[in-house]
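Q: Structure supplied as upload15.txt; contents: compact mmCIF, C-alpha atoms.
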# COMPACT_ATOMS: atom_id res chain seq x y z
CA MET B 20 -132.27 -29.94 49.72
CA GLY B 21 -128.53 -29.75 49.56
CA LEU B 22 -126.13 -27.35 51.12
CA CYS B 23 -123.09 -26.18 49.22
CA LEU B 24 -120.16 -25.92 51.61
CA SER B 25 -117.00 -23.94 50.96
CA ARG B 26 -113.57 -25.26 51.89
CA ASN B 27 -111.49 -23.53 54.50
CA LEU B 28 -108.37 -23.09 52.42
CA LYS B 29 -106.41 -21.57 55.30
CA SER B 30 -106.81 -24.64 57.50
CA LYS B 31 -103.99 -27.14 57.69
CA PRO B 32 -104.92 -30.55 56.30
CA PRO B 33 -105.52 -33.06 59.09
CA LYS B 34 -103.06 -35.88 59.64
CA ARG B 35 -104.45 -39.21 58.48
CA ILE B 36 -103.59 -42.33 60.37
CA SER B 37 -104.64 -45.87 59.53
CA ASN B 38 -105.72 -48.09 62.39
CA GLN B 39 -103.03 -50.55 61.33
CA SER B 40 -100.24 -48.04 61.97
CA ILE B 41 -101.10 -47.06 65.51
CA SER B 42 -98.54 -49.31 67.13
CA GLY B 43 -95.37 -50.81 65.77
CA SER B 44 -95.53 -53.70 68.22
CA SER B 45 -95.96 -57.12 66.73
CA ARG B 46 -98.61 -57.95 69.30
CA TRP B 47 -101.17 -56.17 67.10
CA THR B 48 -100.31 -58.11 63.97
CA ARG B 49 -99.56 -61.60 65.23
CA ILE B 50 -102.22 -64.26 64.89
CA ARG B 51 -103.73 -64.86 68.29
CA SER B 52 -104.47 -68.42 69.36
CA ARG B 53 -107.84 -69.43 70.70
CA LYS B 54 -106.28 -69.70 74.17
CA GLU B 55 -105.65 -65.94 74.16
CA LYS B 56 -109.31 -65.16 73.53
CA ILE B 57 -111.53 -64.72 76.56
CA ASP B 58 -115.15 -65.76 76.76
CA ASP B 59 -117.28 -62.62 76.45
CA SER B 60 -120.42 -64.30 77.76
CA SER B 61 -120.57 -62.11 80.86
CA ILE B 62 -120.67 -58.89 78.84
CA GLU B 63 -123.16 -60.40 76.36
CA ASP B 64 -125.42 -61.47 79.23
CA GLN B 65 -125.24 -57.99 80.75
CA ALA B 66 -126.16 -56.46 77.40
CA LEU B 67 -129.12 -58.82 76.99
CA ALA B 68 -130.22 -58.07 80.54
CA ALA B 69 -130.07 -54.35 79.73
CA ALA B 70 -132.21 -54.94 76.64
CA ILE B 71 -134.76 -56.89 78.68
CA LEU B 72 -134.80 -54.11 81.29
CA PHE B 73 -135.33 -51.56 78.55
CA GLN B 74 -138.29 -53.51 77.16
CA GLN B 75 -139.80 -53.87 80.64
CA LEU B 76 -139.42 -50.15 81.29
CA GLN B 77 -141.04 -49.34 77.96
CA ASN B 78 -143.95 -51.67 78.61
CA GLY B 79 -144.40 -50.36 82.14
CA GLY B 80 -144.20 -46.66 81.23
CA ASP B 81 -147.12 -44.33 80.80
CA GLY B 82 -146.98 -44.85 77.04
CA GLY B 83 -147.52 -41.32 75.91
CA GLY B 84 -147.08 -37.66 76.43
CA GLY B 85 -143.53 -37.68 77.66
CA GLY B 86 -144.23 -38.27 81.33
CA SER B 87 -141.15 -39.03 83.36
CA VAL B 88 -140.63 -42.30 85.23
CA PRO B 89 -138.18 -42.05 88.16
CA PHE B 90 -135.49 -44.35 86.81
CA ASP B 91 -132.30 -44.93 88.75
CA ARG B 92 -129.82 -42.56 87.14
CA SER B 93 -127.09 -45.17 87.34
CA SER B 94 -128.92 -47.33 84.82
CA SER B 95 -128.26 -44.84 82.04
CA MET B 96 -125.08 -43.10 83.19
CA ARG B 97 -122.06 -44.86 84.62
CA TYR B 98 -119.46 -43.36 86.93
CA THR B 99 -116.52 -45.58 87.70
CA SER B 100 -113.45 -44.73 89.71
CA GLY B 101 -110.17 -46.46 89.19
CA ASN B 102 -110.30 -48.16 92.59
CA SER B 103 -113.85 -49.46 92.36
CA LYS B 104 -114.39 -53.13 93.04
CA LYS B 105 -115.08 -55.40 90.09
CA GLN B 106 -118.70 -56.34 89.86
CA THR B 107 -119.69 -59.95 89.65
CA GLY B 108 -120.96 -60.88 86.20
CA LEU B 109 -124.29 -62.51 85.49
CA PRO B 110 -124.46 -66.32 85.38
CA ARG B 111 -122.87 -67.71 82.25
CA SER B 112 -125.08 -69.10 79.55
CA SER B 113 -125.40 -72.88 79.42
CA SER B 114 -125.82 -72.82 75.67
CA SER B 115 -123.46 -75.11 73.75
CA ARG B 116 -123.74 -73.02 70.58
CA ALA B 117 -120.34 -72.00 69.21
CA ARG B 118 -119.74 -68.31 69.82
CA SER B 119 -118.97 -65.93 67.01
CA LEU B 120 -115.27 -65.23 66.57
CA THR B 121 -115.95 -61.92 64.84
CA ASP B 122 -113.65 -59.46 66.62
CA PRO B 123 -113.88 -61.29 69.99
CA LEU B 124 -113.08 -59.46 73.19
CA LEU B 125 -109.46 -59.75 74.28
CA GLN B 126 -107.76 -59.60 77.63
CA PRO B 127 -106.94 -55.99 78.56
CA HIS B 128 -103.22 -56.80 78.70
CA GLN B 129 -103.35 -57.53 74.97
CA LEU B 130 -104.43 -53.95 74.26
CA LEU B 131 -102.73 -50.58 74.58
CA ASN B 132 -103.83 -50.42 78.21
CA GLN B 133 -100.60 -51.97 79.40
CA ASP B 134 -98.67 -49.03 77.94
CA VAL B 135 -100.97 -46.30 79.24
CA LYS B 136 -99.95 -44.23 82.22
CA LEU B 137 -103.05 -42.33 83.19
CA ASP B 138 -100.89 -39.66 84.79
CA ASP B 139 -99.69 -38.77 81.27
CA VAL B 140 -103.15 -37.91 79.93
CA GLU B 141 -104.95 -34.62 80.51
CA THR B 142 -108.09 -36.48 81.54
CA ASN B 143 -108.98 -40.14 81.94
CA HIS B 144 -112.73 -39.52 81.72
CA PHE B 145 -114.54 -40.47 78.49
CA VAL B 146 -118.13 -39.33 77.89
CA LEU B 147 -119.79 -41.45 75.20
CA VAL B 148 -122.70 -40.01 73.20
CA HIS B 149 -124.73 -42.37 71.03
CA GLY B 150 -126.11 -41.74 67.57
CA GLY B 151 -129.68 -41.37 66.36
CA GLY B 152 -131.88 -44.26 67.44
CA PHE B 153 -129.17 -45.77 69.64
CA GLY B 154 -128.71 -45.44 73.41
CA ALA B 155 -126.00 -45.82 76.03
CA TRP B 156 -126.42 -49.59 75.63
CA CYS B 157 -124.56 -49.57 72.28
CA TRP B 158 -121.25 -48.77 74.03
CA TYR B 159 -121.19 -51.89 76.24
CA LYS B 160 -117.99 -53.30 74.71
CA THR B 161 -116.24 -49.93 74.69
CA ILE B 162 -117.23 -49.28 78.31
CA ALA B 163 -115.85 -52.65 79.43
CA LEU B 164 -112.54 -52.19 77.61
CA LEU B 165 -111.96 -48.62 78.80
CA GLU B 166 -112.88 -49.36 82.39
CA GLU B 167 -110.58 -52.39 82.46
CA GLY B 168 -107.80 -49.98 81.46
CA GLY B 169 -108.53 -47.68 84.40
CA PHE B 170 -110.45 -45.00 82.51
CA ARG B 171 -113.61 -43.41 83.83
CA VAL B 172 -116.56 -43.78 81.46
CA THR B 173 -119.94 -42.07 81.34
CA ALA B 174 -122.38 -43.26 78.66
CA ILE B 175 -125.25 -40.83 78.18
CA ASP B 176 -128.84 -41.61 77.22
CA LEU B 177 -130.05 -38.53 75.37
CA THR B 178 -133.68 -37.45 75.77
CA GLY B 179 -136.06 -40.14 74.50
CA SER B 180 -133.20 -42.58 73.88
CA GLY B 181 -132.18 -45.82 75.53
CA ILE B 182 -134.13 -46.11 78.79
CA HIS B 183 -134.83 -42.38 79.03
CA SER B 184 -138.63 -42.29 79.38
CA PHE B 185 -139.49 -39.19 77.35
CA ASP B 186 -141.64 -39.65 74.24
CA THR B 187 -139.48 -39.07 71.17
CA ASN B 188 -142.39 -37.46 69.33
CA ASN B 189 -142.49 -34.63 71.87
CA ILE B 190 -138.88 -33.51 71.38
CA THR B 191 -138.98 -30.14 69.62
CA SER B 192 -135.39 -28.85 69.74
CA LEU B 193 -131.77 -29.92 69.78
CA SER B 194 -131.27 -28.34 73.21
CA GLN B 195 -134.06 -30.53 74.61
CA TYR B 196 -132.62 -33.65 73.00
CA VAL B 197 -129.09 -32.95 74.28
CA LYS B 198 -130.19 -31.87 77.78
CA PRO B 199 -128.90 -35.01 79.59
CA LEU B 200 -125.43 -34.29 78.18
CA THR B 201 -125.44 -30.54 78.88
CA ASP B 202 -126.81 -31.18 82.40
CA PHE B 203 -123.95 -33.59 83.05
CA LEU B 204 -121.28 -31.20 81.75
CA GLY B 205 -122.78 -28.30 83.67
CA LYS B 206 -122.40 -30.23 86.93
CA LEU B 207 -118.73 -31.09 86.43
CA PRO B 208 -116.47 -29.51 89.07
CA GLU B 209 -114.59 -26.42 87.98
CA GLY B 210 -111.37 -27.35 86.22
CA GLU B 211 -112.43 -30.91 85.42
CA LYS B 212 -112.36 -31.91 81.76
CA VAL B 213 -113.64 -34.86 79.75
CA ILE B 214 -113.09 -36.42 76.33
CA LEU B 215 -116.35 -36.21 74.39
CA VAL B 216 -117.02 -39.05 71.93
CA GLY B 217 -119.92 -38.72 69.49
CA HIS B 218 -121.23 -41.29 67.02
CA ASP B 219 -123.52 -40.57 64.06
CA PHE B 220 -126.03 -37.82 65.05
CA GLY B 221 -124.13 -37.71 68.36
CA GLY B 222 -121.52 -35.67 66.47
CA ALA B 223 -123.96 -32.77 66.18
CA CYS B 224 -124.85 -33.25 69.85
CA ILE B 225 -121.28 -33.02 71.12
CA SER B 226 -120.70 -30.01 68.83
CA TYR B 227 -123.63 -28.27 70.53
CA ALA B 228 -122.12 -29.13 73.93
CA MET B 229 -118.64 -27.96 72.88
CA GLU B 230 -120.08 -24.56 72.04
CA LEU B 231 -121.62 -24.30 75.50
CA PHE B 232 -118.80 -25.82 77.59
CA PRO B 233 -115.48 -25.45 75.71
CA LEU B 234 -113.45 -25.29 78.93
CA LYS B 235 -114.82 -28.63 80.09
CA VAL B 236 -113.88 -30.57 76.97
CA SER B 237 -110.29 -31.71 76.56
CA LYS B 238 -110.82 -33.36 73.18
CA ALA B 239 -113.74 -34.26 70.94
CA ILE B 240 -113.79 -37.50 68.94
CA PHE B 241 -116.22 -37.90 66.04
CA ILE B 242 -116.86 -41.56 65.08
CA ALA B 243 -118.59 -41.81 61.69
CA ALA B 244 -120.37 -38.72 62.98
CA ALA B 245 -122.00 -35.54 61.82
CA MET B 246 -119.20 -32.98 62.11
CA LEU B 247 -120.98 -29.87 60.90
CA THR B 248 -120.06 -26.30 60.14
CA SER B 249 -121.83 -23.31 61.67
CA GLY B 250 -125.20 -22.74 60.03
CA GLN B 251 -125.52 -26.36 58.93
CA SER B 252 -128.01 -28.98 60.11
CA THR B 253 -127.66 -32.74 60.17
CA LEU B 254 -130.33 -32.94 57.47
CA ASP B 255 -128.23 -30.59 55.31
CA MET B 256 -125.31 -32.98 55.70
CA PHE B 257 -127.30 -36.09 54.79
CA SER B 258 -128.96 -34.37 51.84
CA GLN B 259 -125.58 -34.19 50.10
CA LYS B 260 -125.71 -37.93 49.43
CA ALA B 261 -129.44 -38.52 49.10
CA ASP B 262 -130.77 -40.12 45.91
CA SER B 263 -133.62 -42.45 45.04
CA ASP B 264 -131.48 -45.56 45.53
CA ASP B 265 -129.95 -44.39 48.80
CA LEU B 266 -130.18 -47.13 51.45
CA MET B 267 -130.76 -44.59 54.22
CA ARG B 268 -133.72 -43.11 52.37
CA GLN B 269 -135.17 -46.58 51.77
CA ALA B 270 -134.87 -47.46 55.46
CA GLN B 271 -136.52 -44.29 56.82
CA ILE B 272 -140.05 -44.52 58.18
CA PHE B 273 -141.48 -41.11 59.09
CA ILE B 274 -143.76 -40.89 62.12
CA TYR B 275 -146.56 -38.28 62.13
CA ALA B 276 -147.73 -38.18 65.74
CA ASN B 277 -149.46 -34.82 65.16
CA GLY B 278 -151.31 -35.97 62.06
CA ASN B 279 -150.35 -36.61 58.45
CA ASN B 280 -150.96 -32.98 57.53
CA GLN B 281 -148.27 -31.84 59.97
CA ALA B 282 -144.48 -32.17 59.88
CA PRO B 283 -142.99 -35.52 60.92
CA THR B 284 -142.24 -35.87 64.62
CA ALA B 285 -139.74 -38.72 64.42
CA ILE B 286 -137.95 -41.09 62.08
CA ASP B 287 -137.85 -44.85 62.58
CA LEU B 288 -135.73 -47.31 60.61
CA ASP B 289 -136.99 -50.38 58.78
CA LYS B 290 -135.81 -53.33 60.89
CA SER B 291 -135.35 -55.47 57.77
CA LEU B 292 -132.70 -53.02 56.49
CA LEU B 293 -130.79 -52.48 59.74
CA ARG B 294 -128.13 -55.07 58.97
CA ASP B 295 -127.30 -53.64 55.53
CA LEU B 296 -127.47 -50.02 56.65
CA LEU B 297 -125.81 -49.97 60.08
CA PHE B 298 -124.38 -53.39 60.89
CA ASN B 299 -123.01 -54.94 57.69
CA GLN B 300 -119.81 -56.05 59.47
CA SER B 301 -121.23 -56.59 62.98
CA PRO B 302 -121.82 -59.86 64.87
CA ALA B 303 -125.34 -61.30 64.77
CA LYS B 304 -125.73 -61.06 68.56
CA ASP B 305 -125.15 -57.29 68.45
CA ILE B 306 -127.60 -56.84 65.59
CA ALA B 307 -130.17 -58.73 67.67
CA LEU B 308 -129.48 -56.45 70.64
CA ALA B 309 -129.89 -53.35 68.46
CA SER B 310 -133.09 -54.60 66.84
CA VAL B 311 -134.87 -54.75 70.21
CA SER B 312 -133.24 -51.64 71.70
CA MET B 313 -133.27 -48.95 69.01
CA ARG B 314 -135.88 -46.20 69.24
CA PRO B 315 -137.15 -43.58 66.77
CA ILE B 316 -135.01 -40.51 66.08
CA PRO B 317 -136.62 -37.14 66.92
CA PHE B 318 -137.09 -35.13 63.75
CA SER B 319 -136.86 -31.52 64.94
CA PRO B 320 -133.25 -31.75 66.23
CA VAL B 321 -132.15 -33.16 62.85
CA LEU B 322 -133.52 -30.02 61.17
CA GLU B 323 -131.84 -27.56 63.55
CA LYS B 324 -128.88 -25.59 62.26
CA LEU B 325 -125.91 -25.30 64.61
CA SER B 326 -124.38 -22.00 65.68
CA LEU B 327 -120.69 -22.68 66.27
CA SER B 328 -118.12 -20.00 67.10
CA GLU B 329 -114.36 -19.78 66.70
CA THR B 330 -114.05 -18.76 70.35
CA ASN B 331 -115.87 -21.76 71.81
CA TYR B 332 -116.38 -24.70 69.45
CA SER B 333 -113.20 -24.20 67.43
CA SER B 334 -111.06 -23.94 70.56
CA VAL B 335 -111.63 -27.63 71.32
CA ARG B 336 -109.25 -30.17 69.75
CA ARG B 337 -111.16 -32.39 67.31
CA PHE B 338 -110.37 -35.87 65.97
CA TYR B 339 -112.27 -37.90 63.38
CA ILE B 340 -112.46 -41.70 63.07
CA GLN B 341 -113.54 -42.85 59.62
CA THR B 342 -115.38 -46.15 59.19
CA LEU B 343 -114.35 -47.57 55.85
CA GLU B 344 -117.23 -50.06 55.32
CA ASP B 345 -119.95 -47.59 56.32
CA ASN B 346 -123.24 -47.72 54.39
CA ALA B 347 -125.02 -45.05 56.46
CA ILE B 348 -122.43 -42.26 56.21
CA PRO B 349 -120.21 -43.42 53.33
CA ILE B 350 -116.58 -42.37 53.01
CA PRO B 351 -117.26 -39.62 50.40
CA LEU B 352 -119.65 -37.94 52.84
CA GLN B 353 -117.19 -38.36 55.73
CA GLU B 354 -114.47 -36.86 53.53
CA SER B 355 -116.71 -33.92 52.67
CA MET B 356 -117.24 -33.08 56.34
CA ILE B 357 -113.52 -33.46 57.07
CA ASN B 358 -112.54 -31.19 54.17
CA ASN B 359 -115.02 -28.50 55.16
CA SER B 360 -114.05 -28.48 58.83
CA PRO B 361 -110.62 -30.14 59.16
CA PRO B 362 -109.94 -31.81 62.54
CA GLU B 363 -106.49 -32.19 64.06
CA HIS B 364 -106.14 -35.85 63.03
CA VAL B 365 -108.11 -38.31 60.92
CA PHE B 366 -107.95 -42.02 61.74
CA ARG B 367 -109.14 -44.69 59.31
CA LEU B 368 -110.76 -47.77 60.84
CA LYS B 369 -110.54 -50.63 58.35
CA GLY B 370 -113.25 -53.28 58.30
CA ALA B 371 -115.62 -51.10 60.35
CA ASP B 372 -119.25 -50.58 59.45
CA HIS B 373 -121.31 -47.67 60.76
CA SER B 374 -121.23 -49.21 64.24
CA PRO B 375 -117.55 -49.87 65.04
CA PHE B 376 -118.33 -50.38 68.73
CA PHE B 377 -119.88 -53.65 67.51
CA SER B 378 -117.86 -54.52 64.39
CA ARG B 379 -114.36 -53.43 65.51
CA PRO B 380 -114.49 -52.84 69.29
CA GLN B 381 -110.81 -53.56 70.01
CA ALA B 382 -109.54 -51.45 67.11
CA LEU B 383 -111.87 -48.64 68.15
CA HIS B 384 -110.66 -48.96 71.74
CA ARG B 385 -107.02 -48.67 70.65
CA LEU B 386 -107.81 -45.48 68.75
CA LEU B 387 -109.65 -43.94 71.69
CA VAL B 388 -106.72 -44.67 73.99
CA GLU B 389 -104.25 -43.41 71.40
CA ILE B 390 -106.16 -40.12 71.06
CA ALA B 391 -106.31 -39.76 74.84
CA LYS B 392 -102.51 -40.03 74.92
CA ILE B 393 -101.91 -37.32 72.29
CA GLN B 394 -100.28 -34.32 73.95
I'd like the structure from this file rewritten - as structure tokens, please.
A:
Amino acid sequence: MGLCLSRNLKSKPPKRISNQSISGSSRWTRIRSRKEKIDDSSIEDQALAAAILFQQLQNGGDGGGGGSVPFDRSSSMRYTSGNSKKQTGLPRSSSSRARSLTDPLLQPHQLLNQDVKLDDVETNHFVLVHGGGFGAWCWYKTIALLEEGGFRVTAIDLTGSGIHSFDTNNITSLSQYVKPLTDFLGKLPEGEKVILVGHDFGGACISYAMELFPLKVSKAIFIAAAMLTSGQSTLDMFSQKADSDDLMRQAQIFIYANGNNQAPTAIDLDKSLLRDLLFNQSPAKDIALASVSMRPIPFSPVLEKLSLSETNYSSVRRFYIQTLEDNAIPIPLQESMINNSPPEHVFRLKGADHSPFFSRPQALHRLLVEIAKIQ
């Protein structure tokens, strides 16, 4: 079921910027020696610990009907001030296995952080919203890099995602799914703004929040995300590319918690196809983390059509980051969304799969900081 979208011919075409042209400094293009690379074992260990915690919480939950377990809020949402003390990392692994050199973490002084004056940005607070099936855990590299640069970061677990205890099959609306995000924005002090970042289905979620809280959003960044028009659903968007050989369609496993004669309640993804669909450029350790941490995607919110107004949603500055090696939302589909609802700028992230927070974390970080600096 496709949706024919009309172009907004009056809109100015967005500026397109390649990730290789963000900075003219040679420090981005020179070949870095092994001595410049830091060991990212601490962050990896923290991510694995989070995955283990998630599994323990799942196994210890009530297992059904969406009952709520009183989790510590800090385990799914992070609030960090610039003067907070550095936390001690977990013990380093004693493994002698050679670590992957795929896009290794770099020292913060090698990134744009050294040129950023936080006084020059409207807000230094990023709010990260994961995509369908993911959770706040997927942003662990991005969180570390932004916080090292002095930014405040909040990574949200949407309802039934990450370590949020609610049963995905019982989510019946987009408002219910996005409630952790809208609750957070609703509690922000008057006059305080954030930069919303949405990935994948998180694009529709931040759009919903922008409509409700336009005055609390400084900028919105869509990363390989559903950037919809009013009256459109995420399913409408995906149906534009669907065919019998589509990898996304092959990977989908529909869950019928209310019986096979009822509508699906959630969508799971075939674990054997995760690498090809979502992580075709990502390190093996991150694919392993995702394979034990991803949860089903609630079906009803994917069907829901957004109601977006010029007064609210369109008043927020939007930016789009394209992922050029994306098999889940390919470039033609990203281009279609951009053409039908042009953002202020379009950035192209080379070598990035659908999960650039894994496959190109430093390049993604540079773009996020660059967008924060745009006046």
Q: Pick the closest to Gly169 in chain B from B:Asn277, B:Asn143, B:Thr201, B:Thr342: which is it, counting all atoms listed in the file?
A: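 Ranked by minimum distance to Gly169 in chain B, first place goes to B:Asn143.
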Q: What's the 8 Å shell around Ile214 in chain B, counting all atoms listed in the file, without same-chain residues fewer than 6 positions away, as a VMD selection string?
A: chain B and resid 142 to 146 236 to 240 391
Q: Work out how far apart CA of Leu368 in chain B and CA of Glu166 in chain B are and give it in Å to one decimal.
A: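 Atom-to-atom, CA of Leu368 in chain B to CA of Glu166 in chain B, that is 21.7 Å.
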Q: Would you mind telling me which residue in B:Phe170, B:Phe376, B:Phe318, B:Phe257 lies nearest to Ile272 in chain B when using all atoms listed in the file?
A: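 Checking each of B:Phe170, B:Phe376, B:Phe318, B:Phe257 against Ile272 in chain B, counting all atoms listed in the file, the winner is B:Phe318.
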Q: Nearest to Ala243 in chain B among B:Asn359, B:Asn346, B:Thr330, B:Ser194, with distances taken over all atoms listed in the file: which residue is it?
A: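 Among the listed residues, B:Asn346 lies closest to Ala243 in chain B.
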Q: What is the distance between CA of Lys290 in chain B and CA of Cys157 in chain B, in Å to one decimal?
A: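 Interatomic distance here is 16.4 Å.
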Q: Of the residues B:Ala223, B:Leu288, B:Leu231, B:Leu297, which is the one nearest to Ser252 in chain B, using all atoms listed in the file?
A: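 For Ser252 in chain B, the nearest of the given residues is B:Ala223.
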Q: Nearest to Ser291 in chain B: which of B:Met356, B:Val365, B:Ile306, B:Leu164 is it, counting all atoms listed in the file?
A: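 Selected residue with least distance to Ser291 in chain B: B:Ile306.
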Q: Could you jot down the CA of Val172 in chain B to CA of Tyr159 in chain B separation for me, Å, one decimal place?
A: 10.7 Å
Q: Point out the residue among B:Val213, B:Ile357, B:Ala228, B:Val388 with the least atom-to-atom distance to Tyr196 in chain B, counting only C-alpha atoms.
A: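 Of B:Val213, B:Ile357, B:Ala228, B:Val388, the one nearest Tyr196 in chain B, counting only C-alpha atoms, is B:Ala228.
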Q: Could you pull range 175-199 of chain B out of the block above and save it with N, CA and C atoms, as a compact mmCIF listing (two decimals), in the first residue's frame?
A:
# COMPACT_ATOMS: atom_id res chain seq x y z
N ILE B 175 16.97 8.27 25.49
CA ILE B 175 15.63 7.84 25.92
C ILE B 175 15.39 6.37 25.56
N ASP B 176 14.79 5.62 26.47
CA ASP B 176 14.20 4.33 26.15
C ASP B 176 12.71 4.55 25.95
N LEU B 177 12.22 4.40 24.72
CA LEU B 177 10.80 4.54 24.47
C LEU B 177 10.05 3.36 25.09
N THR B 178 8.75 3.47 25.18
CA THR B 178 7.94 2.44 25.84
C THR B 178 8.19 1.06 25.21
N GLY B 179 8.50 0.08 26.05
CA GLY B 179 8.73 -1.28 25.58
C GLY B 179 10.05 -1.47 24.89
N SER B 180 10.97 -0.52 25.03
CA SER B 180 12.27 -0.59 24.36
C SER B 180 13.40 -0.57 25.39
N GLY B 181 14.55 -1.10 24.99
CA GLY B 181 15.68 -1.11 25.91
C GLY B 181 15.32 -1.85 27.18
N ILE B 182 15.49 -1.18 28.34
CA ILE B 182 15.15 -1.82 29.61
C ILE B 182 13.80 -1.34 30.14
N HIS B 183 13.06 -0.61 29.31
CA HIS B 183 11.69 -0.23 29.72
C HIS B 183 10.86 -1.51 29.78
N SER B 184 10.14 -1.72 30.89
CA SER B 184 9.56 -3.03 31.18
C SER B 184 8.26 -3.33 30.44
N PHE B 185 7.65 -2.37 29.79
CA PHE B 185 6.32 -2.58 29.22
C PHE B 185 6.36 -3.60 28.08
N ASP B 186 5.32 -4.43 28.00
CA ASP B 186 5.22 -5.43 26.95
C ASP B 186 4.91 -4.76 25.62
N THR B 187 5.78 -4.96 24.65
CA THR B 187 5.63 -4.33 23.33
C THR B 187 4.28 -4.65 22.71
N ASN B 188 3.77 -5.84 22.93
CA ASN B 188 2.51 -6.26 22.31
C ASN B 188 1.31 -5.47 22.82
N ASN B 189 1.47 -4.77 23.93
CA ASN B 189 0.36 -4.01 24.51
C ASN B 189 0.39 -2.53 24.17
N ILE B 190 1.30 -2.14 23.29
CA ILE B 190 1.38 -0.73 22.87
C ILE B 190 0.40 -0.53 21.72
N THR B 191 -0.55 0.39 21.90
CA THR B 191 -1.63 0.54 20.93
C THR B 191 -1.64 1.88 20.20
N SER B 192 -0.71 2.77 20.52
CA SER B 192 -0.70 4.08 19.86
C SER B 192 0.70 4.68 19.86
N LEU B 193 0.91 5.63 18.97
CA LEU B 193 2.19 6.32 18.91
C LEU B 193 2.40 7.15 20.17
N SER B 194 1.35 7.78 20.69
CA SER B 194 1.49 8.60 21.89
C SER B 194 1.95 7.76 23.07
N GLN B 195 1.47 6.52 23.16
CA GLN B 195 1.89 5.63 24.24
C GLN B 195 3.35 5.23 24.07
N TYR B 196 3.73 4.95 22.85
CA TYR B 196 5.11 4.55 22.56
C TYR B 196 6.10 5.69 22.85
N VAL B 197 5.72 6.91 22.54
CA VAL B 197 6.61 8.06 22.66
C VAL B 197 6.53 8.71 24.05
N LYS B 198 5.69 8.19 24.93
CA LYS B 198 5.44 8.84 26.22
C LYS B 198 6.72 9.14 27.02
N PRO B 199 7.72 8.27 27.09
CA PRO B 199 8.93 8.64 27.84
C PRO B 199 9.59 9.91 27.30
